[in-house]
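Structure, as structure tokens:
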Amino acid sequence: MIYCPKCGTANRQGSKFCNECGSPLPATGLRCPTCGALNPVGNVYCDRCNTRLIPPGPSQPPEGEKPQRPAPIKGISLPSVPLEETARDRFSELQDFAAEAGGKGVAEEEIGPLELPSWLTGVEPASPGETIVPEEPSPLLEAPDWLQEVIGPVEPSVPGELTPAAEVPDWLRGLEAPAAPIAPEEAAPAAEVPAAEVPDWLRGLEAPAAPIVPEEAAPAAEVPAAEVPDWLRGLESPAAPIVPEEAAPAAEVPAAEVPDWLRGLESPAAPIAPEEAPPAAEMPDWLKELAGPTPPEGTPAGPPPFTFEEPSPPPVPSQEIAPPLPPGEISDWLRGLEPVPPEGPSERVPPVILDVSPRAAPVEQATVPPLVLEEEEEALPATGVELPDWLKVLEGEQPAAPPADFGGLVPAEIPEWLRAMQPREEVAVVEEPVESEGLLAGLRGLLPIGSGLDMPVTAKPVLPQGPSPATVARAELLQGLLSRPLVIPRAVPRETRRQSGWMVVRLLVGLALIAAIIAPMVVRLPFFGQPAAPGADMLFTMVGQLPPNTPVLVAWEYGPAEAEEMDRVAGPLIDHLLRQQARLVLVSTRMEGPASAEALLASRLADTQERLQRIANLGYVPGQAAGVREVIGSLDSRTEASTGLPAAQIEAMAGVRSVADVGMVVVLAAQPDDLRIWVEQVSTVAPGLPIVGALSARAELLGAPYISAGQIRGAISGLVGGAVYERQLDTGRGREYEYYLTSLGLAQWATAALAVLGALIFVFGGRKR
Amino acid sequence: MTADLIGLIVGTLLTLMVLSYILGDNPLYRLALHLLVGVTVGYGVAVTVVTVLQMTLPALRGNSADRVGVAIPLILGILLLFKGFPRWAALGNFSTAFLVGVGAAVAIGGALLGTILPQTAAVGSIGTWLQQGLSGLVNGLLTAFGTICALLAFAFADPQKAPLRYIWKGSVGLLGQIGRWFLLAAFGAAFGIALTASLTVLVGRIYAVVMNIQQLLAWWGG
């Protein structure tokens with residue numbers, strides 16, 4: 001489980017964001033120093049590049065080393081990062097250890113304050129009954145001020161413990177100036193560092209091959225469990241060592257002065273030679289006590305003493321404890337930490353303090369420690385009882401981590417002030433926008449923020465100071481155009497000539513046609529023979545066979561516009577019907593139809609009484625086909641147009657109720673559609689009823705199929721048809737028809753001649769003429 | 001001066017004003033044109049009022065059957081007037097639907113029974129052609145052939161595969177080209193008939209003007 005650092009909610013392993021509050025959760029894993037890949041905890045080699053992630057096992061400690069009781073360094077611990085599952089257990093174990101150590105006072109009695117380095121002495125709170133007598137003035141006067149502040153009030157110390165300023169190691173100089181970049185060339189070559197300078201207790205730390213013995217099986221007689229702090233036991237565990245994610249760069253500390261196993265932590269690629277293992281005799285006693293039990297001889301190099309995956313029970317310190325080393329065998333850097341031998345120059349940096357590096361120091365890729373734990377958010381609960389007051393102030397408030405079962409491992413503790421100095425990567429957490437509307441409300445980072453939204457609120461558009469010269473020029477041009485007086489362009493003379501020419505042409509054409517039309521009126525021109533109309537004879541026969549007083553339905557479908565032609569076509573037929581004593585029932589689907597009928601009939605039948613007996617004008621029937629369908633079904637329901645009387649009261653309508661009661665249907669159509677409508681509706685209602693027609697020349701084309709099919713029994717069309725029918729009927733209007741036919745013929749010839757002339761002009765004269 | 005004489009003078013002047021279009025567009029022609037349009041509209045309104053309303057509305061005073069027979073068309077006609085007001089135009093949809101529905105039904109029925117079926121039967125009856133002699137037979141064959149060719153003239157799609165494509169081009173394509181000539185002849189005949197009709201009207205108008213002038217001269221001479 002991963003606990004949210006913000007709200008404390010437990011989340012599943014592997015979660016990246018808190019299920020409760022959405023805050024990013026710290027990831028846990030081992031980052032490869034070579035390729036940067038994040039490997040699961042427990043991997044020894046990188047999944048991507050096969051780089052070793054965990055340093056190889058330390059060399060065996062020399063025989064004869066007496067296990068030293070670890071010094072109760074309070075307020076500081078070796079760098080380690082606990083797992084979140086075991087943090088709670090570690091916390092409780094640390095509390096137990098602190099209570100145990102403080103109650104018995106064994107550590108303080110055996111080690112004494114003089115065995116501690118001065119700065120650690122300052123860190124450690126003095127026991128109530130114990131008085132630390134300073135032997136010499138503290139050399140910290142030469143130390144930087146910031147370090148004095150870290151250490152706290154300077155305790156009076158022995159002058160011999162004075163450390164000259166020149167002996168301040170580089171890593172402490174790095175502490176002095178945290179912001180100063182550390183040049184990589186400051187790192188000393190590894191070959192220059194003698195392995196013997198590594199203290200034994202550190203060797204004990206690096207001895208992973210120590211057999212893990214359950215706590216119950218450990219010989220408590222030789223090494224009392226209370227003397228070994230639990231957290232150091234955790235450090236001795238053969239599991240993978242826990243190293244903070246970002247340790248100090250290797251360039252700050254000469255690698256040669258670092259123990260091999262720690263060197264392995266810094267540079268996993270570097271092989272660790274067993275012969276470089278430092279002799280245990282060089283370790284001071286107080287450090288041996290710190291180092292804890294030494295693993296037995298012959299323990300093979302195994303995995304690192306710490307592991308995250310499988311928490312093992314806290315290891316019992318080995319029965320063979322390395323004897324205390326003489327001060328002369330202590331490495332130089334440890335001498336600086338040792339309070340007794342003041343002359344030892346502390347030029348070496350203990351690997352334990354590697355983490356105490358400037359936080360802001362740049363970390364190069366080559367200096368990244370090989371084992372990086374991706375868990376910075378989880379902090380081990382600090383044992384506040386062991387911290388001095390000034391460290392408590394520095395420590396600040398920590399989120400209460402839940403105690404976890406660590407399987408007996410002693411949780412290591414990193415003081416807050418020390419952790420604060422760890423260099424860490426500044427991970428910029430970009431707060432992604434949260435949707436506030438719609439179905440996706442509450443989700444983050446769904447839509448990219450537009451560039452316009454990224455503009456600062458305070459941004460103001462920068463207005464141009466003034467119009468550009470080009471704008472001014474355009475404005476002046478527009479102003480000049482607008483201020484120019486309006487000049488109406490005159491007609492092009494060439495166009496005038498063309499228009500006048502066209503007018504002359506049109507006038508000549510018109511005069512030619514008029515001359516062709518008027519000439520037969522002046523002079524009788526026998527240019528055309530007798531006209532022929534095949535359907536006229538059949539129509540004349542049919543009308544002639546009508547019995548007297550036969551009702552005939554006449555569809556009067558033309559108006560004044562077509563009267564010049566249709567009167568000459570329909571006139572002879574109407575005359576024939578009147579001659580046959582037929583009763584005419586007039587209907588029209590055109591508004592002007594009844595008026596045209598009245599005008600023609602007025603010239604044929606002047607007697608009003610006879611007109612009422614022979615003619616019934618039912619007037620205009622709206623509705624086109626529907627109107628025709630309606631009127632032919634109920635002729636007697638309409639009103640006579642000329643008298644305003646009901647059709648049933650008109651004598652001409654006697655016995656006529658519908659189209660079935662009439663003896664013939666005569667269609668006088670000037671438009672093709674009118675003929676079609678009447679033929680269709682009458683053929684549908686009364687299929688056997690004879691239909692005849694007097695058609696215009698325009699309607700002749702449509703009427704021809706009906707005539708051929710027998711739907712129209714007989715028809716005449718155009719002036720020719722009317723003239724033929726007039727000649728057969730012989731009403732005395734033959735001269736008029738002769739004139740019409742001659743004039744029409746001449747006009748047609750004139751039109752054809754003009755068309756040919758125009759075509760010749762176009763062909764030989766060109767299009768422009 | 002009688003009304004007939006006034007009619008002769010006005011008719012003659014209006015005819016000459018219309019014929020002045022030979023010289024191009026001019027105010028006299030426009031005046032005659034506007035008069036024609038105005039008189040036509042006025043005459044239509046008068047015919048509608050007299051023929052439809054005056055002859056139909058008195059039926060409302062008749063028996064119930066007559067009232068129903070007049071009231072329903074009257075209501076539909078009133079609803080149709082709402083088409084002029086966009087807010088209430090939906091009320092006229094009933095009348096429009098009735099008109100369109102009835103008109104379509106009547107037109108389709110008439111076209112089917114009065115034109116399509118009889119014409120189809122007439123084209124297929126060779127006996128009808130033979131009754132008219134050789135000319136009838138030639139006319140019938142020419143009509144049938146021309147009809148088929150004219151229909152194939154609108155066959156714009158053709159197969160893409162090589163053998164069928166060549167066969168199609170040689171048969172349907174050729175007949176389609178012939179059909180286009182039939183269409184060309186039909187359109188030319190239609191144009192000639194329209195021209196003849198116009199010349200007929202012109203002949204009648206000139207004849208009327210000449211007759212009117214003769215009458216006016218006779219009246220003027222006393």
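Note on naming: chains are A, B, ... as they come in the structure tokens, residues start from 1 per chain, ligands start from 1 in the order shown.
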Tell me as a PyMOL selection string which residues belonging to chain B come within 6 Å of chain A, counting only C-alpha atoms. chain B and resi 22-23+103+106+110+114+122+193-194+201+204
May I have the residues from that selection written out with N, CA, C and O atoms, as an mmCIF file, in the first residue's frame?
```
data_model
loop_
_atom_site.group_PDB
_atom_site.id
_atom_site.type_symbol
_atom_site.label_atom_id
_atom_site.label_comp_id
_atom_site.auth_asym_id
_atom_site.auth_seq_id
_atom_site.Cartn_x
_atom_site.Cartn_y
_atom_site.Cartn_z
ATOM 1 N N ILE B 22 -41.337 46.862 -82.951
ATOM 2 C CA ILE B 22 -40.412 46.613 -84.059
ATOM 3 C C ILE B 22 -39.245 47.585 -84.004
ATOM 4 O O ILE B 22 -38.100 47.232 -84.313
ATOM 5 N N LEU B 23 -39.497 48.770 -83.547
ATOM 6 C CA LEU B 23 -38.441 49.772 -83.425
ATOM 7 C C LEU B 23 -37.673 49.657 -82.102
ATOM 8 O O LEU B 23 -36.832 50.498 -81.828
ATOM 9 N N GLY B 103 -56.045 16.994 -56.994
ATOM 10 C CA GLY B 103 -55.517 17.270 -58.329
ATOM 11 C C GLY B 103 -54.608 16.172 -58.822
ATOM 12 O O GLY B 103 -54.693 15.736 -59.986
ATOM 13 N N VAL B 106 -56.700 12.999 -59.664
ATOM 14 C CA VAL B 106 -57.449 13.133 -60.913
ATOM 15 C C VAL B 106 -56.510 13.120 -62.105
ATOM 16 O O VAL B 106 -56.763 12.448 -63.130
ATOM 17 N N GLY B 110 -56.455 10.210 -64.903
ATOM 18 C CA GLY B 110 -56.760 10.574 -66.283
ATOM 19 C C GLY B 110 -55.610 10.259 -67.214
ATOM 20 O O GLY B 110 -55.815 9.768 -68.340
ATOM 21 N N GLY B 114 -56.518 7.721 -69.808
ATOM 22 C CA GLY B 114 -56.861 8.490 -71.001
ATOM 23 C C GLY B 114 -55.727 8.678 -71.975
ATOM 24 O O GLY B 114 -55.957 8.994 -73.147
ATOM 25 N N ALA B 122 -52.577 1.823 -79.073
ATOM 26 C CA ALA B 122 -52.649 2.302 -80.454
ATOM 27 C C ALA B 122 -51.349 2.067 -81.190
ATOM 28 O O ALA B 122 -51.350 1.717 -82.379
ATOM 29 N N ILE B 193 -44.347 25.512 -85.843
ATOM 30 C CA ILE B 193 -45.761 25.689 -85.497
ATOM 31 C C ILE B 193 -45.954 26.932 -84.639
ATOM 32 O O ILE B 193 -46.905 27.709 -84.837
ATOM 33 N N ALA B 194 -45.023 27.132 -83.704
ATOM 34 C CA ALA B 194 -45.125 28.336 -82.874
ATOM 35 C C ALA B 194 -44.967 29.581 -83.735
ATOM 36 O O ALA B 194 -45.689 30.588 -83.539
ATOM 37 N N VAL B 201 -51.468 35.208 -85.772
ATOM 38 C CA VAL B 201 -51.951 36.314 -84.922
ATOM 39 C C VAL B 201 -51.601 37.644 -85.567
ATOM 40 O O VAL B 201 -52.426 38.591 -85.593
ATOM 41 N N GLY B 204 -53.899 38.252 -88.409
ATOM 42 C CA GLY B 204 -55.214 38.655 -87.905
ATOM 43 C C GLY B 204 -55.201 40.069 -87.371
ATOM 44 O O GLY B 204 -56.137 40.846 -87.603
#
```
As a PyMOL selection string, please: the residues near range 175-186 of chain B (cut-off 12 Å, only C-alpha atoms, same-chain neighbours under 3 positions excluded). (chain A and resi 701-702) or (chain B and resi 142-158+168-172+189-193)
Could you list, as a PyMOL selection string, every residue within 6 Å of Phe82 in chain B, counting only C-alpha atoms and ignoring same-chain residues fewer than 4 positions away? chain B and resi 88-89+92
Using only C-alpha atoms, which of the listed residues (B:Leu195, B:Val68, B:Leu36, B:Ala218) sits closest to Pro560 in chain A? B:Leu36
Separating CA of Glu651 in chain A from CA of Thr51 in chain B, to the nearest tenth of an Å, is a gap of 20.1 Å
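From CA of Leu586 in chain A back to CA of Gly571 in chain A, the distance works out to 14.3 Å.
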What is the distance, in Å and to one decimal place, between CA of Pro520 in chain A and CA of Leu757 in chain A? 23.3 Å
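For the residues B:Tyr43, B:Tyr21, B:Phe187, B:Trp219, ranking by smallest atom-to-atom distance to Ile9 in chain B using only C-alpha atoms places B:Trp219 first.
Around range 34-44 of chain A, within 6 Å and counting only C-alpha atoms, the residues found are Gly29, Arg52, Leu53, Ile54 and Glu309 of chain A, once anything fewer than 5 positions away on its own chain is removed.
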Backbone DSSP call of alpha helix (DSSP H) for chain B, listed as a VMD selection string: chain B and resid 3 to 19 27 to 47 54 to 56 64 to 81 93 to 111 117 to 124 126 to 131 133 to 152 162 to 168 174 to 221
